[in-house]
Amino acid sequence: MAAPRPVGPLEGLVEGLIGPGRAVALGLDLPLGLPRAYAAERAEADFPQFLRGLAARPAFFEVSAGLETVSPERPFYPARGIKGMTRAAHAAALGFSGPEGLSRWCDRATAERPAGAPVFWTLGANQSGKAAIGAWRDWLVPALGAGMPVRLWPFEGGLLELLAPGRAVLAEVYPAEALRQCGLRLAGSKRTQGSRRALAPALFAVLAARRVVADPALAAAIADGFGADAAGEDRFDSVIGLLGMIGVLDGARPDFIPDDPWIRRWEGWVLGQTALPRGLTP
């Protein structure tokens with residue numbers, strides 16, 4: 001395993017990863033899917049078809065500054081902090097019966113971890129909307145439109161089933177989930193170098209258990225807590241997410257997909273997650 005680095009220009013990313021005859025599994029720390037309350041009103045068959053159609057709907061990615069412009073054709077909100085704004089009001093503007101409609105099943109809290117952020121919410125540290133906009137608009141939609149050899153897990157099949165030479169399989173990973181899958185527990189915040197550095201011995205043990213050999217740059221980064229700059233948390237997350245994916249590829253974790261048609265067609269799932277949301281069964 002090499003040390004994390006920025007991917008560079010998104011154009012050509014898929015081709016550069018695949019190379020001649022290589023099968024690629026790529027974990028993405030961002031939403032791949034839509035909540036069922038939103039999907040229930042769509043005419044498309046599934047999320048991959050919905051993504052392809054966004055090439056003709058650029059307004060979908062415009063973040064609303066106020067609730068008056070929120071709609072199913074422009075669901076992302078808010079562009080900035082506004083006094084009195086709530087997720088309940090956001091959900092109501094989208095026609096949902098309550099704020100839970102903003103979340104996919106895999107976004108909700110389980111017995112093993114807290115809830116993740118709703119797909120369309122774009123404000124605060126605990127938000128994933130901006131990542132969805134950036135990845136979908138600037139990379140996935142153009143790549144699918146250009147016919148790149150990309151498959152989306154779990155909508156098009158299981159991870160190992162989809163892997164094939166000359167193809168990239170994209171799966172959603174969630175570092176907070178992967179951390180638990182690896183049996184790791186942070187003492188403190190992952191945003192601080194000291195907390196990440198204190199985890200180094202346990203993280204090296206996980207690499208050994210996963211039969212992963214760290215190159216010298218990665219070993220140094222782990223020992224150092226991934227640096228003191230703001231991007232240290234991102235480098236840490238990328239390594240944790242990759243270890244979670246390796247666990248599934250190597251059989252340490254099941255390639256689990258709940259037997260629920262909304263998840264398999266629209267909502268998606270987090271790779272390696274086996275715990276269902278509290279109080280819910282498929």
# chains A, B, ... in the order shown; residues from 1 in each chain; ligands from 1
$ residues_around --residues "Leu10 (chain A)" --least-positions-apart "6" --cutoff "10 Å" --atoms "only C-alpha atoms" --output "MDAnalysis selection string"
chainID A and resid 135 138:140 142:143
$ write_last_selection --atoms "C-alpha atoms" --output "PDB file, in the first residue's frame"
ATOM      1  CA  ALA A 135     -17.984  13.626  -7.592  1.00  0.00           C
ATOM      2  CA  ASP A 138     -17.419  16.593 -12.256  1.00  0.00           C
ATOM      3  CA  TRP A 139     -16.479  12.937 -12.558  1.00  0.00           C
ATOM      4  CA  LEU A 140     -19.124  10.208 -12.512  1.00  0.00           C
ATOM      5  CA  PRO A 142     -19.059  12.634 -17.517  1.00  0.00           C
ATOM      6  CA  ALA A 143     -17.384   9.215 -17.140  1.00  0.00           C
TER       7      ALA A 143
END
$ select_by_dssp --residues "region 124-193 of chain A" --states "helix (DSSP H, G or I)" --output "JSON, numbers by chain"
{"A": [129, 130, 131, 132, 133, 134, 135, 136, 137, 138, 139, 140, 141, 142, 143, 144, 145, 159, 160, 161, 162, 175, 176, 177, 178, 179, 180, 181, 193]}
$ atom_distance --atom1 "CA of Ile222 (chain A)" --atom2 "CA of Ala205 (chain A)"
11.7 Å
$ closest_residue --among "A:Ala111, A:Ala164, A:Ile257, A:Leu271" --to "Met245 (chain A)" --atoms "only C-alpha atoms"
A:Leu271
$ closest_residue --among "A:Gly84, A:Pro175, A:Ala37, A:Pro114" --to "Pro99 (chain A)" --atoms "only C-alpha atoms"
A:Ala37
$ closest_residue --among "A:Ser189, A:Thr110, A:Thr274, A:Thr69" --to "His90 (chain A)" --atoms "only C-alpha atoms"
A:Thr69
$ residues_around --residues "region 223-228 of chain A" --least-positions-apart "4" --cutoff "6 Å" --atoms "only C-alpha atoms" --output "list in words"
Gln193, Arg196, Arg197, Ala200 and Gly232 of chain A
$ closest_residue --among "A:Gly244, A:Gly116, A:Gly166, A:Gly194" --to "Val212 (chain A)" --atoms "only C-alpha atoms"
A:Gly244
$ closest_residue --among "A:Pro216, A:Arg167, A:Phe236, A:Ile246" --to "Gly21 (chain A)" --atoms "only C-alpha atoms"
A:Arg167
$ residues_around --residues "Met85 (chain A)" --least-positions-apart "4" --cutoff "12 Å" --atoms "only C-alpha atoms" --output "count of residues only"
15
